[in-house]
Amino acid sequence: MKKIYYLLEIIMKIIGLYTGKLSFIGENRSPTGIHKQSVEQVCVDELGIIGDIQADKRFHGGPEKALHQYALSSYEKIIKRYPLLHKTAKPGTIGENISATDMNEHNVCIGDIYQV
């Protein structure tokens with residue numbers, strides 16, 4: 001049987017790029033890279049954004065986990081569920097490197113490749 005592939009071009013707008021330095025959180029002063037700052041541009045290689053820190057390499061970083069993208073719509077869900085977080089739940093605060101419109105759990109899958 002012949003397979004037919006249809007390509008759908010979805011235009012997604014990047015609203016933020018974020019990188020972080022090593023910092024420490026909690027009573028145990030655990031190392032983290034979750035605190036990110038907004039930047040205008042980045043250089044990316046197979047390990048992620050050059051200069052961005054991933055403190056726990058078991059779960060973050062490396063060629064299979066080089067970038068973290070978090071959907072803008074997910075922040076809206078957080079605020080709806082936890083209204084008191086409306087001032088703190090904003091793009092960049094989940095430790096993501098990229099925040100974009102229209103990239104979410106409904107249209108982004110493991111293995112997808114994007115060109116920016």
# chains A, B, ... in the order shown; residues from 1 in each chain; ligands from 1

call {"tool": "residues_around", "arguments": {"residues": "range 80-97 of chain A", "least_positions_apart": "4", "cutoff": "6 Å", "atoms": "only C-alpha atoms", "output": "PyMOL selection string"}}
result
chain A and resi 17-18+34+68-70

call {"tool": "write_last_selection", "arguments": {"atoms": "all heavy atoms", "output": "PDB file, in the first residue's frame"}}
result
ATOM      1  N   LEU A  17      13.705  33.564  24.656  1.00  0.00           N
ATOM      2  CA  LEU A  17      14.860  32.681  24.757  1.00  0.00           C
ATOM      3  C   LEU A  17      15.457  32.904  26.142  1.00  0.00           C
ATOM      4  O   LEU A  17      15.574  34.052  26.598  1.00  0.00           O
ATOM      5  CB  LEU A  17      15.910  33.027  23.707  1.00  0.00           C
ATOM      6  CG  LEU A  17      15.551  32.817  22.256  1.00  0.00           C
ATOM      7  CD1 LEU A  17      16.642  33.408  21.353  1.00  0.00           C
ATOM      8  CD2 LEU A  17      15.377  31.343  21.956  1.00  0.00           C
ATOM      9  N   TYR A  18      15.875  31.814  26.804  1.00  0.00           N
ATOM     10  CA  TYR A  18      16.335  31.925  28.183  1.00  0.00           C
ATOM     11  C   TYR A  18      17.562  31.054  28.421  1.00  0.00           C
ATOM     12  O   TYR A  18      17.633  29.928  27.933  1.00  0.00           O
ATOM     13  CB  TYR A  18      15.229  31.503  29.150  1.00  0.00           C
ATOM     14  CG  TYR A  18      13.925  32.198  28.877  1.00  0.00           C
ATOM     15  CD1 TYR A  18      12.949  31.604  28.087  1.00  0.00           C
ATOM     16  CD2 TYR A  18      13.676  33.469  29.383  1.00  0.00           C
ATOM     17  CE1 TYR A  18      11.760  32.254  27.809  1.00  0.00           C
ATOM     18  CE2 TYR A  18      12.483  34.123  29.108  1.00  0.00           C
ATOM     19  CZ  TYR A  18      11.528  33.512  28.321  1.00  0.00           C
ATOM     20  OH  TYR A  18      10.367  34.156  28.050  1.00  0.00           O
ATOM     21  N   ILE A  34      17.737  26.159  36.911  1.00  0.00           N
ATOM     22  CA  ILE A  34      16.354  26.507  36.569  1.00  0.00           C
ATOM     23  C   ILE A  34      16.132  28.012  36.451  1.00  0.00           C
ATOM     24  O   ILE A  34      15.268  28.453  35.704  1.00  0.00           O
ATOM     25  CB  ILE A  34      15.354  25.889  37.568  1.00  0.00           C
ATOM     26  CG1 ILE A  34      13.945  25.940  36.979  1.00  0.00           C
ATOM     27  CG2 ILE A  34      15.419  26.588  38.920  1.00  0.00           C
ATOM     28  CD1 ILE A  34      12.927  25.123  37.715  1.00  0.00           C
ATOM     29  N   HIS A  68      14.912  22.879  26.327  1.00  0.00           N
ATOM     30  CA  HIS A  68      13.628  22.722  27.011  1.00  0.00           C
ATOM     31  C   HIS A  68      12.694  23.813  26.493  1.00  0.00           C
ATOM     32  O   HIS A  68      12.980  24.994  26.634  1.00  0.00           O
ATOM     33  CB  HIS A  68      13.842  22.856  28.519  1.00  0.00           C
ATOM     34  CG  HIS A  68      12.579  22.835  29.319  1.00  0.00           C
ATOM     35  ND1 HIS A  68      12.505  23.436  30.542  1.00  0.00           N
ATOM     36  CD2 HIS A  68      11.372  22.294  29.096  1.00  0.00           C
ATOM     37  CE1 HIS A  68      11.290  23.272  31.038  1.00  0.00           C
ATOM     38  NE2 HIS A  68      10.583  22.588  30.172  1.00  0.00           N
ATOM     39  N   GLN A  69      11.602  23.395  25.884  1.00  0.00           N
ATOM     40  CA  GLN A  69      10.589  24.332  25.389  1.00  0.00           C
ATOM     41  C   GLN A  69       9.356  24.163  26.254  1.00  0.00           C
ATOM     42  O   GLN A  69       8.960  23.048  26.566  1.00  0.00           O
ATOM     43  CB  GLN A  69      10.245  24.020  23.931  1.00  0.00           C
ATOM     44  CG  GLN A  69       9.388  25.065  23.244  1.00  0.00           C
ATOM     45  CD  GLN A  69       7.881  24.978  23.531  1.00  0.00           C
ATOM     46  OE1 GLN A  69       7.209  25.979  23.640  1.00  0.00           O
ATOM     47  NE2 GLN A  69       7.347  23.787  23.642  1.00  0.00           N
ATOM     48  N   TYR A  70       8.759  25.265  26.669  1.00  0.00           N
ATOM     49  CA  TYR A  70       7.551  25.213  27.490  1.00  0.00           C
ATOM     50  C   TYR A  70       6.491  26.074  26.821  1.00  0.00           C
ATOM     51  O   TYR A  70       6.749  27.207  26.428  1.00  0.00           O
ATOM     52  CB  TYR A  70       7.842  25.724  28.901  1.00  0.00           C
ATOM     53  CG  TYR A  70       6.793  25.318  29.901  1.00  0.00           C
ATOM     54  CD1 TYR A  70       6.706  24.000  30.341  1.00  0.00           C
ATOM     55  CD2 TYR A  70       5.890  26.233  30.393  1.00  0.00           C
ATOM     56  CE1 TYR A  70       5.747  23.623  31.257  1.00  0.00           C
ATOM     57  CE2 TYR A  70       4.923  25.868  31.315  1.00  0.00           C
ATOM     58  CZ  TYR A  70       4.857  24.565  31.742  1.00  0.00           C
ATOM     59  OH  TYR A  70       3.894  24.186  32.641  1.00  0.00           O
TER      60      TYR A  70
END

call {"tool": "residues_around", "arguments": {"residues": "Thr32 in chain A", "least_positions_apart": "6", "cutoff": "7 Å", "atoms": "only C-alpha atoms", "output": "VMD selection string"}}
result
chain A and resid 22 to 25 54 to 55

call {"tool": "write_last_selection", "arguments": {"atoms": "all heavy atoms", "output": "CSV table (one decimal), in the first residue's frame"}}
result
chain,number,residue,atom,x,y,z
A,22,LEU,N,24.6,28.6,37.1
A,22,LEU,CA,24.5,27.7,38.2
A,22,LEU,C,24.1,28.5,39.4
A,22,LEU,O,24.7,29.6,39.7
A,22,LEU,CB,25.8,27.0,38.5
A,22,LEU,CG,25.8,26.0,39.6
A,22,LEU,CD1,24.9,24.8,39.3
A,22,LEU,CD2,27.2,25.5,39.9
A,23,SER,N,23.1,28.0,40.1
A,23,SER,CA,22.7,28.6,41.4
A,23,SER,C,22.3,27.5,42.3
A,23,SER,O,22.4,26.3,42.0
A,23,SER,CB,21.5,29.6,41.2
A,23,SER,OG,20.4,29.0,40.7
A,24,PHE,N,21.8,27.8,43.5
A,24,PHE,CA,21.5,26.8,44.5
A,24,PHE,C,20.2,27.1,45.1
A,24,PHE,O,19.8,28.3,45.4
A,24,PHE,CB,22.6,26.8,45.6
A,24,PHE,CG,24.0,26.5,45.0
A,24,PHE,CD1,24.8,27.5,44.6
A,24,PHE,CD2,24.4,25.2,44.8
A,24,PHE,CE1,26.0,27.3,44.0
A,24,PHE,CE2,25.6,24.9,44.3
A,24,PHE,CZ,26.4,26.0,43.9
A,25,ILE,N,19.4,26.0,45.4
A,25,ILE,CA,18.1,26.2,46.0
A,25,ILE,C,17.9,25.2,47.2
A,25,ILE,O,18.5,24.2,47.3
A,25,ILE,CB,17.0,26.0,44.9
A,25,ILE,CG1,17.0,24.6,44.3
A,25,ILE,CG2,17.0,27.0,43.9
A,25,ILE,CD1,15.9,24.2,43.4
A,54,GLN,N,22.9,23.1,32.9
A,54,GLN,CA,21.9,22.0,33.4
A,54,GLN,C,22.7,21.3,34.5
A,54,GLN,O,23.7,20.7,34.3
A,54,GLN,CB,21.6,21.0,32.3
A,54,GLN,CG,21.0,21.6,31.0
A,54,GLN,CD,22.0,21.9,30.0
A,54,GLN,OE1,23.0,21.3,29.9
A,54,GLN,NE2,21.6,22.8,29.1
A,55,ALA,N,22.2,21.5,35.7
A,55,ALA,CA,22.9,21.1,36.9
A,55,ALA,C,22.9,19.6,37.1
A,55,ALA,O,23.8,19.0,37.5
A,55,ALA,CB,22.4,21.8,38.2

call {"tool": "select_by_dssp", "arguments": {"residues": "range 15-79 of chain A", "states": "strand (DSSP E)", "output": "PDB file with N, CA, C and O atoms, in the first residue's frame"}}
result
ATOM      1  N   ILE A  15       8.518  33.555  21.689  1.00  0.00           N
ATOM      2  CA  ILE A  15       8.318  34.790  22.456  1.00  0.00           C
ATOM      3  C   ILE A  15       9.426  35.018  23.468  1.00  0.00           C
ATOM      4  O   ILE A  15       9.501  36.074  24.073  1.00  0.00           O
ATOM      5  N   GLY A  16      10.288  34.005  23.653  1.00  0.00           N
ATOM      6  CA  GLY A  16      11.384  34.194  24.593  1.00  0.00           C
ATOM      7  C   GLY A  16      12.450  33.130  24.476  1.00  0.00           C
ATOM      8  O   GLY A  16      12.156  31.971  24.205  1.00  0.00           O
ATOM      9  N   LEU A  17      13.705  33.564  24.656  1.00  0.00           N
ATOM     10  CA  LEU A  17      14.860  32.681  24.757  1.00  0.00           C
ATOM     11  C   LEU A  17      15.457  32.904  26.142  1.00  0.00           C
ATOM     12  O   LEU A  17      15.574  34.052  26.598  1.00  0.00           O
ATOM     13  N   TYR A  18      15.875  31.814  26.804  1.00  0.00           N
ATOM     14  CA  TYR A  18      16.335  31.925  28.183  1.00  0.00           C
ATOM     15  C   TYR A  18      17.562  31.054  28.421  1.00  0.00           C
ATOM     16  O   TYR A  18      17.633  29.928  27.933  1.00  0.00           O
ATOM     17  N   THR A  19      18.507  31.580  29.186  1.00  0.00           N
ATOM     18  CA  THR A  19      19.674  30.819  29.618  1.00  0.00           C
ATOM     19  C   THR A  19      19.880  31.063  31.105  1.00  0.00           C
ATOM     20  O   THR A  19      19.415  32.072  31.653  1.00  0.00           O
ATOM     21  N   GLY A  20      20.583  30.134  31.735  1.00  0.00           N
ATOM     22  CA  GLY A  20      20.815  30.257  33.172  1.00  0.00           C
ATOM     23  C   GLY A  20      22.214  29.881  33.574  1.00  0.00           C
ATOM     24  O   GLY A  20      22.901  29.133  32.881  1.00  0.00           O
ATOM     25  N   SER A  23      23.072  28.036  40.135  1.00  0.00           N
ATOM     26  CA  SER A  23      22.657  28.634  41.402  1.00  0.00           C
ATOM     27  C   SER A  23      22.272  27.491  42.333  1.00  0.00           C
ATOM     28  O   SER A  23      22.369  26.315  41.968  1.00  0.00           O
ATOM     29  N   PHE A  24      21.821  27.829  43.530  1.00  0.00           N
ATOM     30  CA  PHE A  24      21.513  26.809  44.527  1.00  0.00           C
ATOM     31  C   PHE A  24      20.158  27.099  45.148  1.00  0.00           C
ATOM     32  O   PHE A  24      19.804  28.255  45.364  1.00  0.00           O
ATOM     33  N   ILE A  25      19.403  26.027  45.423  1.00  0.00           N
ATOM     34  CA  ILE A  25      18.063  26.196  45.990  1.00  0.00           C
ATOM     35  C   ILE A  25      17.862  25.246  47.167  1.00  0.00           C
ATOM     36  O   ILE A  25      18.528  24.218  47.284  1.00  0.00           O
ATOM     37  N   SER A  30      20.887  22.689  46.904  1.00  0.00           N
ATOM     38  CA  SER A  30      21.039  21.826  45.735  1.00  0.00           C
ATOM     39  C   SER A  30      21.357  22.668  44.506  1.00  0.00           C
ATOM     40  O   SER A  30      20.743  23.708  44.274  1.00  0.00           O
ATOM     41  N   PRO A  31      22.316  22.200  43.678  1.00  0.00           N
ATOM     42  CA  PRO A  31      22.645  22.951  42.467  1.00  0.00           C
ATOM     43  C   PRO A  31      21.502  22.905  41.462  1.00  0.00           C
ATOM     44  O   PRO A  31      20.816  21.895  41.339  1.00  0.00           O
ATOM     45  N   THR A  32      21.292  24.013  40.776  1.00  0.00           N
ATOM     46  CA  THR A  32      20.222  24.093  39.786  1.00  0.00           C
ATOM     47  C   THR A  32      20.600  25.064  38.673  1.00  0.00           C
ATOM     48  O   THR A  32      21.410  25.958  38.870  1.00  0.00           O
ATOM     49  N   LYS A  36      16.455  31.178  34.919  1.00  0.00           N
ATOM     50  CA  LYS A  36      16.894  31.630  33.596  1.00  0.00           C
ATOM     51  C   LYS A  36      16.659  33.126  33.428  1.00  0.00           C
ATOM     52  O   LYS A  36      15.746  33.695  34.014  1.00  0.00           O
ATOM     53  N   GLN A  37      17.494  33.730  32.598  1.00  0.00           N
ATOM     54  CA  GLN A  37      17.328  35.126  32.219  1.00  0.00           C
ATOM     55  C   GLN A  37      17.010  35.199  30.731  1.00  0.00           C
ATOM     56  O   GLN A  37      17.482  34.381  29.945  1.00  0.00           O
ATOM     57  N   SER A  38      16.228  36.185  30.370  1.00  0.00           N
ATOM     58  CA  SER A  38      15.876  36.401  28.978  1.00  0.00           C
ATOM     59  C   SER A  38      17.093  36.919  28.213  1.00  0.00           C
ATOM     60  O   SER A  38      17.834  37.766  28.714  1.00  0.00           O
ATOM     61  N   VAL A  39      17.296  36.375  27.007  1.00  0.00           N
ATOM     62  CA  VAL A  39      18.380  36.824  26.134  1.00  0.00           C
ATOM     63  C   VAL A  39      17.823  37.059  24.743  1.00  0.00           C
ATOM     64  O   VAL A  39      16.773  36.532  24.378  1.00  0.00           O
ATOM     65  N   VAL A  44      23.458  27.460  19.598  1.00  0.00           N
ATOM     66  CA  VAL A  44      23.055  26.128  20.030  1.00  0.00           C
ATOM     67  C   VAL A  44      23.949  25.100  19.354  1.00  0.00           C
ATOM     68  O   VAL A  44      24.213  25.186  18.153  1.00  0.00           O
ATOM     69  N   ASP A  45      24.407  24.121  20.143  1.00  0.00           N
ATOM     70  CA  ASP A  45      25.104  22.980  19.567  1.00  0.00           C
ATOM     71  C   ASP A  45      24.354  21.716  19.989  1.00  0.00           C
ATOM     72  O   ASP A  45      23.240  21.809  20.523  1.00  0.00           O
ATOM     73  N   GLY A  48      22.980  21.731  23.567  1.00  0.00           N
ATOM     74  CA  GLY A  48      22.063  22.767  24.020  1.00  0.00           C
ATOM     75  C   GLY A  48      22.593  24.150  23.745  1.00  0.00           C
ATOM     76  O   GLY A  48      23.467  24.349  22.900  1.00  0.00           O
ATOM     77  N   ILE A  49      22.077  25.112  24.480  1.00  0.00           N
ATOM     78  CA  ILE A  49      22.502  26.501  24.328  1.00  0.00           C
ATOM     79  C   ILE A  49      23.875  26.648  24.970  1.00  0.00           C
ATOM     80  O   ILE A  49      24.072  26.278  26.135  1.00  0.00           O
ATOM     81  N   GLN A  69      11.602  23.395  25.884  1.00  0.00           N
ATOM     82  CA  GLN A  69      10.589  24.332  25.389  1.00  0.00           C
ATOM     83  C   GLN A  69       9.356  24.163  26.254  1.00  0.00           C
ATOM     84  O   GLN A  69       8.960  23.048  26.566  1.00  0.00           O
ATOM     85  N   TYR A  70       8.759  25.265  26.669  1.00  0.00           N
ATOM     86  CA  TYR A  70       7.551  25.213  27.490  1.00  0.00           C
ATOM     87  C   TYR A  70       6.491  26.074  26.821  1.00  0.00           C
ATOM     88  O   TYR A  70       6.749  27.207  26.428  1.00  0.00           O
ATOM     89  N   ALA A  71       5.320  25.527  26.705  1.00  0.00           N
ATOM     90  CA  ALA A  71       4.247  26.194  25.962  1.00  0.00           C
ATOM     91  C   ALA A  71       3.658  27.376  26.728  1.00  0.00           C
ATOM     92  O   ALA A  71       3.406  27.286  27.933  1.00  0.00           O
TER      93      ALA A  71
END

call {"tool": "atom_distance", "arguments": {"atom1": "CA of Glu105 in chain A", "atom2": "CA of Met12 in chain A"}}
result
13.8 Å

call {"tool": "closest_residue", "arguments": {"among": "A:Leu72, A:Lys65, A:His35, A:Lys21", "to": "Ile53 in chain A", "atoms": "only C-alpha atoms"}}
result
A:Lys21

call {"tool": "select_by_dssp", "arguments": {"residues": "range 11-106 of chain A", "states": "helix (DSSP H, G or I)", "output": "ChimeraX atom specification"}}
result
/A:72-81,83-85

call {"tool": "write_last_selection", "arguments": {"atoms": "C-alpha atoms", "output": "PDB file, in the first residue's frame"}}
result
ATOM      1  CA  LEU A  72       2.767  29.618  26.597  1.00  0.00           C
ATOM      2  CA  SER A  73      -0.641  27.936  26.942  1.00  0.00           C
ATOM      3  CA  SER A  74       0.707  25.835  29.821  1.00  0.00           C
ATOM      4  CA  TYR A  75       1.375  28.996  31.830  1.00  0.00           C
ATOM      5  CA  GLU A  76      -2.257  29.913  31.263  1.00  0.00           C
ATOM      6  CA  LYS A  77      -3.263  26.517  32.695  1.00  0.00           C
ATOM      7  CA  ILE A  78      -1.052  27.028  35.761  1.00  0.00           C
ATOM      8  CA  ILE A  79      -2.575  30.445  36.451  1.00  0.00           C
ATOM      9  CA  LYS A  80      -6.110  29.132  35.971  1.00  0.00           C
ATOM     10  CA  ARG A  81      -5.461  26.334  38.482  1.00  0.00           C
ATOM     11  CA  PRO A  83      -4.569  32.089  40.550  1.00  0.00           C
ATOM     12  CA  LEU A  84      -2.165  33.374  43.207  1.00  0.00           C
ATOM     13  CA  LEU A  85       0.726  32.555  40.854  1.00  0.00           C
TER      14      LEU A  85
END

call {"tool": "residues_around", "arguments": {"residues": "range 106-111 of chain A", "least_positions_apart": "3", "cutoff": "10 Å", "atoms": "only C-alpha atoms", "output": "mmCIF file with all heavy atoms, in the first residue's frame"}}
result
data_model
loop_
_atom_site.group_PDB
_atom_site.id
_atom_site.type_symbol
_atom_site.label_atom_id
_atom_site.label_comp_id
_atom_site.auth_asym_id
_atom_site.auth_seq_id
_atom_site.Cartn_x
_atom_site.Cartn_y
_atom_site.Cartn_z
ATOM 1 N N ILE A 10 3.069 24.863 10.282
ATOM 2 C CA ILE A 10 2.505 25.622 11.393
ATOM 3 C C ILE A 10 3.488 26.739 11.717
ATOM 4 O O ILE A 10 4.660 26.489 11.943
ATOM 5 C CB ILE A 10 2.300 24.727 12.629
ATOM 6 C CG1 ILE A 10 1.349 23.585 12.305
ATOM 7 C CG2 ILE A 10 1.789 25.542 13.801
ATOM 8 C CD1 ILE A 10 1.201 22.578 13.415
ATOM 9 N N GLU A 64 20.040 14.229 23.714
ATOM 10 C CA GLU A 64 18.623 13.838 23.697
ATOM 11 C C GLU A 64 17.735 14.814 24.466
ATOM 12 O O GLU A 64 16.514 14.726 24.403
ATOM 13 C CB GLU A 64 18.452 12.425 24.278
ATOM 14 C CG GLU A 64 19.163 11.360 23.469
ATOM 15 C CD GLU A 64 18.598 11.208 22.067
ATOM 16 O OE1 GLU A 64 17.370 11.261 21.899
ATOM 17 O OE2 GLU A 64 19.405 11.058 21.126
ATOM 18 N N ALA A 71 5.320 25.527 26.705
ATOM 19 C CA ALA A 71 4.247 26.194 25.962
ATOM 20 C C ALA A 71 3.658 27.376 26.728
ATOM 21 O O ALA A 71 3.406 27.286 27.933
ATOM 22 C CB ALA A 71 3.138 25.196 25.652
ATOM 23 N N ASP A 102 1.756 28.365 20.262
ATOM 24 C CA ASP A 102 1.291 27.266 19.412
ATOM 25 C C ASP A 102 2.192 26.034 19.400
ATOM 26 O O ASP A 102 2.056 25.192 18.524
ATOM 27 C CB ASP A 102 1.059 27.755 17.972
ATOM 28 C CG ASP A 102 0.041 28.880 17.921
ATOM 29 O OD1 ASP A 102 -0.964 28.782 18.648
ATOM 30 O OD2 ASP A 102 0.255 29.846 17.186
ATOM 31 N N MET A 103 3.133 25.895 20.314
ATOM 32 C CA MET A 103 3.901 24.654 20.483
ATOM 33 C C MET A 103 3.465 24.075 21.819
ATOM 34 O O MET A 103 3.782 24.617 22.869
ATOM 35 C CB MET A 103 5.407 24.911 20.510
ATOM 36 C CG MET A 103 5.994 25.323 19.189
ATOM 37 S SD MET A 103 7.795 25.559 19.282
ATOM 38 C CE MET A 103 8.363 23.878 19.116
ATOM 39 N N TYR A 114 12.785 20.922 14.431
ATOM 40 C CA TYR A 114 12.380 22.259 14.050
ATOM 41 C C TYR A 114 13.585 23.044 13.583
ATOM 42 O O TYR A 114 14.676 22.897 14.095
ATOM 43 C CB TYR A 114 11.733 22.998 15.235
ATOM 44 C CG TYR A 114 10.435 22.367 15.662
ATOM 45 C CD1 TYR A 114 10.414 21.355 16.613
ATOM 46 C CD2 TYR A 114 9.242 22.771 15.095
ATOM 47 C CE1 TYR A 114 9.229 20.768 16.995
ATOM 48 C CE2 TYR A 114 8.050 22.195 15.477
ATOM 49 C CZ TYR A 114 8.051 21.184 16.424
ATOM 50 O OH TYR A 114 6.880 20.608 16.804
#
